[in-house]
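Chemist: Have a look at this one.
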Amino acid sequence: MSLDVSPALLEQAERGEVDEAEFVDCVRTSLPYAWEMISSLVAQLKVDGGNFADNQTPPPDEQARGQLLRALASDAIRGALQRHFGVRLAFQNCHRVAVFPLDASVDDTLARFTSVRSQLLNQSPEFRDC
(Lines give C-alpha, C1' and ligand atoms only; values in the text may rest on other atoms or scores of the structure.)
Protein backbone atom coordinates (compact mmCIF):
# COMPACT_ATOMS: atom_id res chain seq x y z
CA MET A 1 0.00 0.00 0.00
CA SER A 2 1.45 3.35 -0.94
CA LEU A 3 -0.49 5.62 1.44
CA ASP A 4 -1.41 5.27 5.09
CA VAL A 5 -5.04 6.34 4.75
CA SER A 6 -6.87 7.26 7.95
CA PRO A 7 -10.34 5.83 8.51
CA ALA A 8 -11.78 9.36 8.32
CA LEU A 9 -10.16 10.04 4.93
CA LEU A 10 -11.28 6.66 3.61
CA GLU A 11 -14.81 7.46 4.81
CA GLN A 12 -14.69 10.76 2.90
CA ALA A 13 -13.68 8.91 -0.25
CA GLU A 14 -16.47 6.39 0.19
CA ARG A 15 -19.01 9.24 0.56
CA GLY A 16 -17.81 11.13 -2.51
CA GLU A 17 -15.49 14.12 -2.73
CA VAL A 18 -12.28 14.23 -0.70
CA ASP A 19 -10.79 17.38 0.79
CA GLU A 20 -7.57 17.81 -1.20
CA ALA A 21 -5.73 19.40 1.74
CA GLU A 22 -6.40 16.25 3.76
CA PHE A 23 -5.23 14.10 0.86
CA VAL A 24 -2.03 16.15 0.58
CA ASP A 25 -1.46 15.72 4.32
CA CYS A 26 -1.91 11.96 3.89
CA VAL A 27 0.75 12.03 1.16
CA ARG A 28 3.06 14.11 3.39
CA THR A 29 2.86 11.64 6.27
CA SER A 30 2.85 8.48 4.11
CA LEU A 31 5.71 9.40 1.79
CA PRO A 32 8.06 11.52 3.92
CA TYR A 33 11.16 11.07 1.75
CA ALA A 34 9.31 12.11 -1.41
CA TRP A 35 7.64 15.00 0.42
CA GLU A 36 10.95 16.28 1.77
CA MET A 37 12.63 15.96 -1.64
CA ILE A 38 9.91 17.95 -3.39
CA SER A 39 9.60 20.50 -0.56
CA SER A 40 13.33 21.16 -0.58
CA LEU A 41 13.39 21.56 -4.36
CA VAL A 42 10.49 24.02 -4.21
CA ALA A 43 12.35 26.01 -1.54
CA GLN A 44 15.54 25.91 -3.62
CA LEU A 45 13.66 27.17 -6.67
CA LYS A 46 12.19 30.05 -4.67
CA VAL A 47 15.56 31.04 -3.19
CA ASP A 48 17.74 30.53 -6.26
CA GLY A 49 15.24 31.44 -8.96
CA GLY A 50 16.00 30.14 -12.40
CA ASN A 51 14.09 27.84 -14.69
CA PHE A 52 14.04 24.78 -12.43
CA ALA A 53 15.55 23.01 -9.43
CA ASP A 54 16.41 19.32 -9.52
CA ASN A 55 17.85 16.50 -7.48
CA GLN A 56 20.57 14.31 -8.94
CA THR A 57 21.44 12.29 -5.83
CA PRO A 58 20.03 8.76 -5.76
CA PRO A 59 17.80 7.90 -2.79
CA PRO A 60 19.58 6.31 0.18
CA ASP A 61 17.63 3.04 -0.06
CA GLU A 62 14.89 1.19 -1.90
CA GLN A 63 12.20 2.40 0.49
CA ALA A 64 13.01 6.02 -0.37
CA ARG A 65 13.18 5.20 -4.09
CA GLY A 66 9.79 3.54 -3.81
CA GLN A 67 8.32 6.66 -2.24
CA LEU A 68 9.49 8.79 -5.15
CA LEU A 69 8.12 6.30 -7.64
CA ARG A 70 4.74 6.15 -5.89
CA ALA A 71 4.48 9.93 -5.56
CA LEU A 72 5.37 10.70 -9.15
CA ALA A 73 3.81 7.71 -10.92
CA SER A 74 0.36 8.36 -9.47
CA ASP A 75 -1.54 10.98 -11.43
CA ALA A 76 -3.65 11.83 -8.36
CA ILE A 77 -0.67 12.23 -6.02
CA ARG A 78 1.46 14.07 -8.54
CA GLY A 79 -1.37 16.41 -9.47
CA ALA A 80 -2.18 17.17 -5.84
CA LEU A 81 1.49 17.90 -5.11
CA GLN A 82 1.76 20.20 -8.12
CA ARG A 83 -1.33 22.13 -7.05
CA HIS A 84 -0.21 22.27 -3.41
CA PHE A 85 3.27 23.59 -4.19
CA GLY A 86 2.29 25.62 -7.29
CA VAL A 87 4.87 23.95 -9.53
CA ARG A 88 5.17 21.44 -12.33
CA LEU A 89 7.01 18.23 -11.52
CA ALA A 90 9.25 16.27 -13.87
CA PHE A 91 10.92 12.93 -13.25
CA GLN A 92 13.82 10.94 -14.75
CA ASN A 93 15.66 7.75 -13.81
CA CYS A 94 13.71 6.87 -10.66
CA HIS A 95 15.39 9.63 -8.66
CA ARG A 96 15.94 12.79 -10.69
CA VAL A 97 13.03 14.93 -9.61
CA ALA A 98 12.73 18.48 -10.90
CA VAL A 99 10.36 21.31 -10.06
CA PHE A 100 9.48 23.98 -12.59
CA PRO A 101 7.54 27.19 -11.97
CA LEU A 102 4.12 27.49 -13.54
CA ASP A 103 5.42 30.43 -15.58
CA ALA A 104 5.08 29.76 -19.32
CA SER A 105 8.53 31.28 -19.88
CA VAL A 106 10.10 27.96 -18.79
CA ASP A 107 8.00 25.77 -21.09
CA ASP A 108 10.92 25.22 -23.48
CA THR A 109 13.22 24.22 -20.61
CA LEU A 110 10.61 21.79 -19.28
CA ALA A 111 10.12 20.35 -22.78
CA ARG A 112 13.88 19.80 -23.11
CA PHE A 113 14.09 18.21 -19.63
CA THR A 114 11.26 15.78 -20.40
CA SER A 115 12.30 15.02 -23.98
CA VAL A 116 13.32 11.62 -25.27
CA ARG A 117 16.76 13.07 -26.02
CA SER A 118 17.26 14.21 -22.42
CA GLN A 119 16.09 10.87 -21.11
CA LEU A 120 18.64 9.07 -23.26
CA LEU A 121 21.45 11.47 -22.37
CA ASN A 122 20.68 11.04 -18.65
CA GLN A 123 21.40 7.30 -18.72
CA SER A 124 24.40 5.66 -17.13
CA PRO A 125 25.31 2.11 -16.08
CA GLU A 126 24.70 2.82 -12.38
CA PHE A 127 21.05 3.61 -13.15
CA ARG A 128 20.33 0.30 -14.90
CA ASP A 129 18.74 -1.29 -11.82
CA CYS A 130 16.79 1.67 -10.52
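Going through the C-alpha coordinates in order, the chains are called A, B, and so on, while each chain numbers its residues from 1 and the ligands are numbered from 1 in the order shown.
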For range 81-85 of chain A, find every residue with an atom within 9 Å (counting only C-alpha atoms), except residues of its own chain fewer than 6 positions away, and show them as a list in words.
Modeler: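 Residues meeting the cut-off are Glu20, Ala21, Val24, Val27, Trp35, Ile38, Ser39, Val42, Ala71 and Val99 of chain A.
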Chemist: Enumerate, as a count of residues only, the complete set of residues in chain A that a backbone-based DSSP assignment places in strand (DSSP E).
Modeler: 14
Chemist: DSSP says helix (DSSP H, G or I) for which residues of chain A? Put them as a ChimeraX atom specification?
Modeler: /A:7-15,20-30,32-48,62-73,75-85,104-113,116-121,125-127
Chemist: Name the closest residue to Ile77 in chain A among the candidates A:Gln92, A:Ala98, A:Ser6, A:Ser30; distances are taken between atoms, counting only C-alpha atoms.
Modeler: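 Of all the options, A:Ser30 lies closest to Ile77 in chain A.
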Chemist: Excluding Val97 in chain A and any residue of its chain fewer than 6 positions from it, enumerate the residues within 10 Å of it, using only C-alpha atoms, and give them as a list of chain:residue names.
Modeler: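 Within the cut-off, the hits are A:Ala34, A:Met37, A:Ile38, A:Leu41, A:Ala53, A:Asp54, A:Asn55, A:Gln56, A:Thr57, A:Leu68, A:Leu72, A:Leu89, A:Ala90, A:Phe91.
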Chemist: I'd like to know which of A:Gly79, A:Asp61, A:Gly50, A:Arg28 is closest to Thr109 in chain A, using only C-alpha atoms.
Modeler: A:Gly50
Chemist: For the atom pair CA of Ala8 in chain A and CA of Arg65 in chain A, what is the interatomic distance in Å to one decimal place?
Modeler: 28.2 Å
Chemist: Which residue out of A:Leu45, A:Leu69, A:Ala64, A:Ala111 has the minimum interatomic distance to Val87 in chain A when only C-alpha atoms are used?
Modeler: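 Going through A:Leu45, A:Leu69, A:Ala64, A:Ala111 one by one, the smallest distance to Val87 in chain A is for A:Leu45.
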Chemist: To one decimal place in Å, what is the distance between CA of Ala13 in chain A and CA of Arg88 in chain A?
Modeler: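 Answer for the CA of Ala13 in chain A to CA of Arg88 in chain A separation: 25.7 Å.
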Chemist: I'd like the interatomic distance between CA of Ala43 in chain A and CA of Cys26 in chain A, to a tenth of an Å.
Modeler: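 For CA of Ala43 in chain A relative to CA of Cys26 in chain A, the distance reads 20.7 Å.
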